Amino acid sequence: MITKLALAAGLATALSSGALAQDISGKVVGFSQIGSESGWRAAETSVTKQQAEERGVDLKFADAQQKQENQIKAIRGFIAQGVDAILVAPVVATGWDDVLQEAKEAEIPVVLLDRGVEAPEDLYLTSVASDQVKEGRVAGQWLVDNVGSEDCKVVELQGTVGSSPAINRKKGFEEAIAGHDNITIARSQTGDFTRSKGKEVMEGFIKAENGGADICAVYAHNDDMAVGAIQAIKDAGLKPGTDIKVVSIDGVPDIFQAIAAGEANATVELTPNMAGPAFDALAAYWADGTEPEKFIITESKLYTAADDPEGEYERRKGLGY
Ligand code: AHR
């Protein structure tokens, strides 16, 4: 009897707190992923699948192979299937109005993951992403703090042209170095967030800058491009991390290995778990119409050699990166 009462009380509490109401098992969610250009992106894909599985969500996954047209096609397919919600990591910032409007008309909530769009805010439920301007600022501030008054020519490896992290991380870095006339961005080019392109572009920078002797630092908009740049620096007979400072964004296992080896200096962490907060927001929305914050901002923490890079590598390896 006591057990039955306790169970009943537990059930009542659960119902009143909305815990049971927020069970989203059985919901069908479409996920339009950009592709697999970086280790971070691969981790985001694994974490999203895992978060869906833990909640009993039926996740329909579509890999766009870096093409916006494929993403738009996938979203239209999800709408036609009548999914309960759509997650989209938008490859570029513009060109989404029409398809988002179609999802809105079909009453399917859309959640943006890790990148922003230039579209009216009422066309999506929420956006789960980092403050990308802040990421650039944190990286730039690290450089300011570590260069002192010495002249420093920076080369910049930008992310995908037209993507929100490429636009915002550039802006934030420039804000941080503004007013420090000894630090200048000498060259800036896209490496498309990939390791191979990062290496190729860095090789060009090295050739153009006196075999790399004139470069003081490389700022890469993600770790994969930084890892490619590190290889190019080594191939040129220079020491990454010492002859050329390396600062980037993501916090993938490989960059922690590079930091531990003294070949990279700093990274700004970006969590690959965008789906957890997205599913929580959807659960509350489905439960009683709760509108989430328009922008759910994840943390941007700086890591350097002082932050146990070996330990950080161990903690991350095997997490889908
Ligand atoms: O949008 C997030 C960025 O996209 C990550 O920093 C990068 O690695 C990825 O490709």
# chains A, B, ... in the order shown; residues from 1 in each chain; ligands from 1
>>> residues_around(residues="Val161 (chain A)", least_positions_apart="5", cutoff="8 Å", atoms="only C-alpha atoms", output="number ranges by chain")
A: 92, 166-167, 190, 192
>>> closest_atom_pairs(of="chain A", to="ligand 1", cutoff="8 Å", atoms="only C-alpha atoms and all ligand atoms", output="Markdown table")
| residue | atom | partner | partner_atom_place_in_ligand_line | distance |
| --- | --- | --- | --- | --- |
| A:Ser36 | CA | ligand 1 | 10 (O) | 7.4 |
| A:Glu37 | CA | ligand 1 | 10 (O) | 5.5 |
| A:Ser38 | CA | ligand 1 | 8 (O) | 4.9 |
| A:Gly39 | CA | ligand 1 | 8 (O) | 6.6 |
| A:Trp40 | CA | ligand 1 | 8 (O) | 4.9 |
| A:Arg41 | CA | ligand 1 | 9 (C) | 5.4 |
| A:Ala89 | CA | ligand 1 | 1 (O) | 7.5 |
| A:Val91 | CA | ligand 1 | 1 (O) | 7.9 |
| A:Asp114 | CA | ligand 1 | 1 (O) | 4.9 |
| A:Arg115 | CA | ligand 1 | 1 (O) | 5.0 |
| A:Gly159 | CA | ligand 1 | 7 (C) | 7.5 |
| A:Ser163 | CA | ligand 1 | 1 (O) | 7.8 |
| A:Ser164 | CA | ligand 1 | 1 (O) | 7.4 |
| A:Pro165 | CA | ligand 1 | 1 (O) | 5.7 |
| A:Phe193 | CA | ligand 1 | 10 (O) | 5.2 |
| A:Thr194 | CA | ligand 1 | 10 (O) | 7.4 |
| A:His221 | CA | ligand 1 | 6 (O) | 6.7 |
| A:Asn222 | CA | ligand 1 | 6 (O) | 5.0 |
| A:Asp223 | CA | ligand 1 | 8 (O) | 6.6 |
| A:Asp224 | CA | ligand 1 | 8 (O) | 6.7 |
| A:Ile249 | CA | ligand 1 | 6 (O) | 6.2 |
| A:Asp250 | CA | ligand 1 | 6 (O) | 5.3 |
| A:Leu270 | CA | ligand 1 | 6 (O) | 6.9 |
>>> residues_around(residues="Leu302 (chain A)", least_positions_apart="6", cutoff="12 Å", atoms="only C-alpha atoms", output="JSON, numbers by chain")
{"A": [134, 135, 136, 137, 138, 139, 140, 141, 142, 143, 247, 248, 249, 250, 251, 256, 265, 266, 267, 268, 269, 270, 309]}
>>> write_last_selection(atoms="N, CA, C and O atoms", output="PDB file, in the first residue's frame")
ATOM      1  N   LYS A 134      32.139  36.580 -30.334  1.00  0.00           N
ATOM      2  CA  LYS A 134      32.912  36.425 -29.097  1.00  0.00           C
ATOM      3  C   LYS A 134      34.063  35.430 -29.303  1.00  0.00           C
ATOM      4  O   LYS A 134      35.175  35.645 -28.826  1.00  0.00           O
ATOM      5  N   GLU A 135      33.799  34.337 -30.023  1.00  0.00           N
ATOM      6  CA  GLU A 135      34.879  33.362 -30.279  1.00  0.00           C
ATOM      7  C   GLU A 135      36.065  34.052 -30.947  1.00  0.00           C
ATOM      8  O   GLU A 135      37.219  33.839 -30.557  1.00  0.00           O
ATOM      9  N   GLY A 136      35.773  34.888 -31.955  1.00  0.00           N
ATOM     10  CA  GLY A 136      36.849  35.606 -32.651  1.00  0.00           C
ATOM     11  C   GLY A 136      37.562  36.562 -31.711  1.00  0.00           C
ATOM     12  O   GLY A 136      38.795  36.692 -31.741  1.00  0.00           O
ATOM     13  N   ARG A 137      36.763  37.191 -30.836  1.00  0.00           N
ATOM     14  CA  ARG A 137      37.341  38.146 -29.880  1.00  0.00           C
ATOM     15  C   ARG A 137      38.264  37.438 -28.884  1.00  0.00           C
ATOM     16  O   ARG A 137      39.341  37.929 -28.562  1.00  0.00           O
ATOM     17  N   VAL A 138      37.812  36.276 -28.410  1.00  0.00           N
ATOM     18  CA  VAL A 138      38.618  35.518 -27.437  1.00  0.00           C
ATOM     19  C   VAL A 138      39.948  35.106 -28.083  1.00  0.00           C
ATOM     20  O   VAL A 138      41.016  35.242 -27.479  1.00  0.00           O
ATOM     21  N   ALA A 139      39.871  34.643 -29.335  1.00  0.00           N
ATOM     22  CA  ALA A 139      41.098  34.239 -30.042  1.00  0.00           C
ATOM     23  C   ALA A 139      42.010  35.453 -30.239  1.00  0.00           C
ATOM     24  O   ALA A 139      43.225  35.389 -29.994  1.00  0.00           O
ATOM     25  N   GLY A 140      41.428  36.576 -30.643  1.00  0.00           N
ATOM     26  CA  GLY A 140      42.208  37.800 -30.875  1.00  0.00           C
ATOM     27  C   GLY A 140      42.824  38.320 -29.595  1.00  0.00           C
ATOM     28  O   GLY A 140      43.985  38.767 -29.580  1.00  0.00           O
ATOM     29  N   GLN A 141      42.071  38.242 -28.521  1.00  0.00           N
ATOM     30  CA  GLN A 141      42.575  38.728 -27.235  1.00  0.00           C
ATOM     31  C   GLN A 141      43.757  37.883 -26.759  1.00  0.00           C
ATOM     32  O   GLN A 141      44.712  38.391 -26.193  1.00  0.00           O
ATOM     33  N   TRP A 142      43.660  36.563 -27.046  1.00  0.00           N
ATOM     34  CA  TRP A 142      44.790  35.695 -26.676  1.00  0.00           C
ATOM     35  C   TRP A 142      46.058  36.191 -27.375  1.00  0.00           C
ATOM     36  O   TRP A 142      47.113  36.285 -26.765  1.00  0.00           O
ATOM     37  N   LEU A 143      45.906  36.534 -28.661  1.00  0.00           N
ATOM     38  CA  LEU A 143      47.072  36.986 -29.427  1.00  0.00           C
ATOM     39  C   LEU A 143      47.600  38.311 -28.868  1.00  0.00           C
ATOM     40  O   LEU A 143      48.807  38.467 -28.645  1.00  0.00           O
ATOM     41  N   VAL A 247      46.484  29.896 -33.393  1.00  0.00           N
ATOM     42  CA  VAL A 247      45.294  30.047 -32.547  1.00  0.00           C
ATOM     43  C   VAL A 247      44.068  29.760 -33.416  1.00  0.00           C
ATOM     44  O   VAL A 247      43.988  30.189 -34.564  1.00  0.00           O
ATOM     45  N   SER A 248      43.139  28.986 -32.847  1.00  0.00           N
ATOM     46  CA  SER A 248      41.980  28.573 -33.656  1.00  0.00           C
ATOM     47  C   SER A 248      40.755  28.326 -32.762  1.00  0.00           C
ATOM     48  O   SER A 248      40.769  28.678 -31.587  1.00  0.00           O
ATOM     49  N   ILE A 249      39.733  27.722 -33.350  1.00  0.00           N
ATOM     50  CA  ILE A 249      38.431  27.573 -32.670  1.00  0.00           C
ATOM     51  C   ILE A 249      37.889  26.161 -32.891  1.00  0.00           C
ATOM     52  O   ILE A 249      37.996  25.631 -34.005  1.00  0.00           O
ATOM     53  N   ASP A 250      37.309  25.574 -31.900  1.00  0.00           N
ATOM     54  CA  ASP A 250      36.567  24.291 -31.901  1.00  0.00           C
ATOM     55  C   ASP A 250      36.857  23.436 -30.669  1.00  0.00           C
ATOM     56  O   ASP A 250      35.930  22.926 -30.049  1.00  0.00           O
ATOM     57  N   GLY A 251      38.182  23.178 -30.426  1.00  0.00           N
ATOM     58  CA  GLY A 251      38.519  22.275 -29.316  1.00  0.00           C
ATOM     59  C   GLY A 251      38.366  20.808 -29.698  1.00  0.00           C
ATOM     60  O   GLY A 251      37.819  20.023 -28.919  1.00  0.00           O
ATOM     61  N   PHE A 256      44.162  19.500 -29.314  1.00  0.00           N
ATOM     62  CA  PHE A 256      44.717  19.337 -27.965  1.00  0.00           C
ATOM     63  C   PHE A 256      46.026  18.555 -28.016  1.00  0.00           C
ATOM     64  O   PHE A 256      46.958  18.840 -27.263  1.00  0.00           O
ATOM     65  N   ASN A 265      48.932  26.845 -30.011  1.00  0.00           N
ATOM     66  CA  ASN A 265      48.991  27.624 -28.773  1.00  0.00           C
ATOM     67  C   ASN A 265      47.662  27.755 -28.044  1.00  0.00           C
ATOM     68  O   ASN A 265      47.631  27.751 -26.818  1.00  0.00           O
ATOM     69  N   ALA A 266      46.574  27.905 -28.804  1.00  0.00           N
ATOM     70  CA  ALA A 266      45.297  28.154 -28.121  1.00  0.00           C
ATOM     71  C   ALA A 266      44.132  27.766 -29.017  1.00  0.00           C
ATOM     72  O   ALA A 266      44.215  27.851 -30.248  1.00  0.00           O
ATOM     73  N   THR A 267      43.040  27.325 -28.371  1.00  0.00           N
ATOM     74  CA  THR A 267      41.808  27.063 -29.105  1.00  0.00           C
ATOM     75  C   THR A 267      40.632  27.542 -28.263  1.00  0.00           C
ATOM     76  O   THR A 267      40.723  27.589 -27.032  1.00  0.00           O
ATOM     77  N   VAL A 268      39.547  27.904 -28.933  1.00  0.00           N
ATOM     78  CA  VAL A 268      38.330  28.337 -28.236  1.00  0.00           C
ATOM     79  C   VAL A 268      37.304  27.216 -28.433  1.00  0.00           C
ATOM     80  O   VAL A 268      36.964  26.882 -29.572  1.00  0.00           O
ATOM     81  N   GLU A 269      36.855  26.655 -27.330  1.00  0.00           N
ATOM     82  CA  GLU A 269      35.992  25.470 -27.438  1.00  0.00           C
ATOM     83  C   GLU A 269      34.589  25.786 -27.951  1.00  0.00           C
ATOM     84  O   GLU A 269      33.969  26.767 -27.546  1.00  0.00           O
ATOM     85  N   LEU A 270      34.113  24.913 -28.838  1.00  0.00           N
ATOM     86  CA  LEU A 270      32.728  24.965 -29.317  1.00  0.00           C
ATOM     87  C   LEU A 270      32.126  23.594 -29.016  1.00  0.00           C
ATOM     88  O   LEU A 270      32.606  22.582 -29.542  1.00  0.00           O
ATOM     89  N   PRO A 309      46.173  19.963 -21.757  1.00  0.00           N
ATOM     90  CA  PRO A 309      45.766  19.504 -23.094  1.00  0.00           C
ATOM     91  C   PRO A 309      45.732  17.983 -23.251  1.00  0.00           C
ATOM     92  O   PRO A 309      44.875  17.464 -23.960  1.00  0.00           O
TER      93      PRO A 309
END
>>> closest_residue(among="A:Ser196, A:Gln22, A:Gln51, A:Thr94", to="Gly289 (chain A)", atoms="only C-alpha atoms")
A:Gln22
>>> select_by_dssp(residues="region 57-267 of chain A", states="helix (DSSP H, G or I)", output="VMD selection string")
chain A and resid 68 to 81 97 to 105 121 to 123 132 to 147 164 to 177 195 to 208 210 to 212 223 to 235 253 to 260
>>> residues_around(residues="Tyr285 (chain A)", least_positions_apart="5", cutoff="10 Å", atoms="only C-alpha atoms", output="list in words")
Gln22, Pro109, Leu125, Phe279, Asp280, Thr290, Glu291 and Pro292 of chain A
>>> atom_distance(atom1="CA of Val128 (chain A)", atom2="CA of Ile296 (chain A)")
4.7 Å
>>> select_by_dssp(residues="region 30-117 of chain A", states="strand (DSSP E)", output="list in words")
Gly30, Phe31, Ser32, Gln33, Asp58, Leu59, Lys60, Phe61, Ala62, Asp63, Ala85, Ile86, Leu87, Val88, Val110, Val111, Leu112 and Leu113 of chain A
>>> write_last_selection(atoms="N, CA and C atoms", output="PDB file, in the first residue's frame")
ATOM      1  N   GLY A  30      13.520  15.840 -38.549  1.00  0.00           N
ATOM      2  CA  GLY A  30      14.451  15.844 -39.677  1.00  0.00           C
ATOM      3  C   GLY A  30      15.673  16.673 -39.321  1.00  0.00           C
ATOM      4  N   PHE A  31      16.852  16.207 -39.716  1.00  0.00           N
ATOM      5  CA  PHE A  31      18.082  16.968 -39.448  1.00  0.00           C
ATOM      6  C   PHE A  31      18.844  17.158 -40.757  1.00  0.00           C
ATOM      7  N   SER A  32      18.918  18.405 -41.218  1.00  0.00           N
ATOM      8  CA  SER A  32      19.691  18.716 -42.413  1.00  0.00           C
ATOM      9  C   SER A  32      21.079  19.176 -41.976  1.00  0.00           C
ATOM     10  N   GLN A  33      22.031  18.271 -42.097  1.00  0.00           N
ATOM     11  CA  GLN A  33      23.414  18.560 -41.700  1.00  0.00           C
ATOM     12  C   GLN A  33      24.181  19.065 -42.927  1.00  0.00           C
ATOM     13  N   ASP A  58      12.818   9.748 -33.436  1.00  0.00           N
ATOM     14  CA  ASP A  58      13.157   9.134 -34.716  1.00  0.00           C
ATOM     15  C   ASP A  58      13.799  10.233 -35.579  1.00  0.00           C
ATOM     16  N   LEU A  59      15.122  10.198 -35.680  1.00  0.00           N
ATOM     17  CA  LEU A  59      15.853  11.253 -36.401  1.00  0.00           C
ATOM     18  C   LEU A  59      16.048  10.864 -37.865  1.00  0.00           C
ATOM     19  N   LYS A  60      15.578  11.714 -38.754  1.00  0.00           N
ATOM     20  CA  LYS A  60      15.795  11.504 -40.196  1.00  0.00           C
ATOM     21  C   LYS A  60      16.980  12.377 -40.581  1.00  0.00           C
ATOM     22  N   PHE A  61      18.087  11.750 -40.947  1.00  0.00           N
ATOM     23  CA  PHE A  61      19.330  12.482 -41.180  1.00  0.00           C
ATOM     24  C   PHE A  61      19.591  12.702 -42.670  1.00  0.00           C
ATOM     25  N   ALA A  62      19.940  13.930 -43.041  1.00  0.00           N
ATOM     26  CA  ALA A  62      20.272  14.213 -44.450  1.00  0.00           C
ATOM     27  C   ALA A  62      21.590  14.988 -44.514  1.00  0.00           C
ATOM     28  N   ASP A  63      22.570  14.435 -45.203  1.00  0.00           N
ATOM     29  CA  ASP A  63      23.886  15.060 -45.362  1.00  0.00           C
ATOM     30  C   ASP A  63      23.871  15.872 -46.665  1.00  0.00           C
ATOM     31  N   ALA A  85       9.406  18.222 -36.351  1.00  0.00           N
ATOM     32  CA  ALA A  85      10.301  19.394 -36.259  1.00  0.00           C
ATOM     33  C   ALA A  85      11.473  19.187 -37.210  1.00  0.00           C
ATOM     34  N   ILE A  86      12.160  20.288 -37.481  1.00  0.00           N
ATOM     35  CA  ILE A  86      13.333  20.224 -38.368  1.00  0.00           C
ATOM     36  C   ILE A  86      14.512  20.915 -37.684  1.00  0.00           C
ATOM     37  N   LEU A  87      15.654  20.229 -37.684  1.00  0.00           N
ATOM     38  CA  LEU A  87      16.912  20.842 -37.241  1.00  0.00           C
ATOM     39  C   LEU A  87      17.713  21.125 -38.502  1.00  0.00           C
ATOM     40  N   VAL A  88      18.308  22.305 -38.563  1.00  0.00           N
ATOM     41  CA  VAL A  88      19.151  22.604 -39.723  1.00  0.00           C
ATOM     42  C   VAL A  88      20.395  23.374 -39.298  1.00  0.00           C
ATOM     43  N   VAL A 110      11.228  24.955 -36.704  1.00  0.00           N
ATOM     44  CA  VAL A 110      12.604  24.767 -37.192  1.00  0.00           C
ATOM     45  C   VAL A 110      13.565  25.285 -36.130  1.00  0.00           C
ATOM     46  N   VAL A 111      14.595  24.494 -35.843  1.00  0.00           N
ATOM     47  CA  VAL A 111      15.644  24.944 -34.919  1.00  0.00           C
ATOM     48  C   VAL A 111      16.960  24.997 -35.693  1.00  0.00           C
ATOM     49  N   LEU A 112      17.618  26.156 -35.638  1.00  0.00           N
ATOM     50  CA  LEU A 112      18.922  26.309 -36.296  1.00  0.00           C
ATOM     51  C   LEU A 112      20.001  25.792 -35.357  1.00  0.00           C
ATOM     52  N   LEU A 113      20.932  25.033 -35.906  1.00  0.00           N
ATOM     53  CA  LEU A 113      22.038  24.525 -35.088  1.00  0.00           C
ATOM     54  C   LEU A 113      23.361  25.124 -35.549  1.00  0.00           C
TER      55      LEU A 113
END
>>> atom_distance(atom1="CA of Ala129 (chain A)", atom2="CA of Glu312 (chain A)")
21.7 Å
>>> atom_distance(atom1="CA of Arg169 (chain A)", atom2="CA of Ala264 (chain A)")
18.5 Å
>>> residues_around(residues="Lys317 (chain A)", least_positions_apart="6", cutoff="9 Å", atoms="only C-alpha atoms", output="short mmCIF file (atom, residue, chain, number, x, y, z; two decimals) with all heavy atoms, in the first residue's frame")
data_model
loop_
_atom_site.label_atom_id
_atom_site.label_comp_id
_atom_site.auth_asym_id
_atom_site.auth_seq_id
_atom_site.Cartn_x
_atom_site.Cartn_y
_atom_site.Cartn_z
N VAL A 252 38.85 20.43 -30.88
CA VAL A 252 38.78 19.02 -31.27
C VAL A 252 39.99 18.28 -30.69
O VAL A 252 41.01 18.91 -30.36
CB VAL A 252 38.71 18.83 -32.82
CG1 VAL A 252 37.52 19.58 -33.41
CG2 VAL A 252 40.00 19.26 -33.51
N PRO A 253 39.90 16.95 -30.55
CA PRO A 253 41.01 16.20 -29.94
C PRO A 253 42.37 16.49 -30.59
O PRO A 253 43.37 16.66 -29.89
CB PRO A 253 40.60 14.74 -30.13
CG PRO A 253 39.12 14.77 -30.21
CD PRO A 253 38.75 16.07 -30.86
N ASP A 254 42.41 16.57 -31.94
CA ASP A 254 43.70 16.76 -32.61
C ASP A 254 44.39 18.08 -32.23
O ASP A 254 45.61 18.15 -32.18
CB ASP A 254 43.52 16.73 -34.14
CG ASP A 254 43.27 15.31 -34.63
OD1 ASP A 254 43.32 14.37 -33.81
OD2 ASP A 254 43.02 15.15 -35.84
#
>>> closest_residue(among="A:Ile72, A:Ala283, A:Ile24, A:Ile206", to="Glu54 (chain A)", atoms="only C-alpha atoms")
A:Ile24
>>> closest_residue(among="A:Ile34, A:Ile75, A:Ala217, A:Ala229", to="Val147 (chain A)", atoms="only C-alpha atoms")
A:Ala217
>>> closest_residue(among="A:Asp98, A:Asp243, A:Glu53, A:Glu156", to="Lys73 (chain A)", atoms="only C-alpha atoms")
A:Asp98
>>> residues_around(residues="Lys294 (chain A)", least_positions_apart="6", cutoff="8 Å", atoms="only C-alpha atoms", output="VMD selection string")
chain A and resid 121 125 to 127
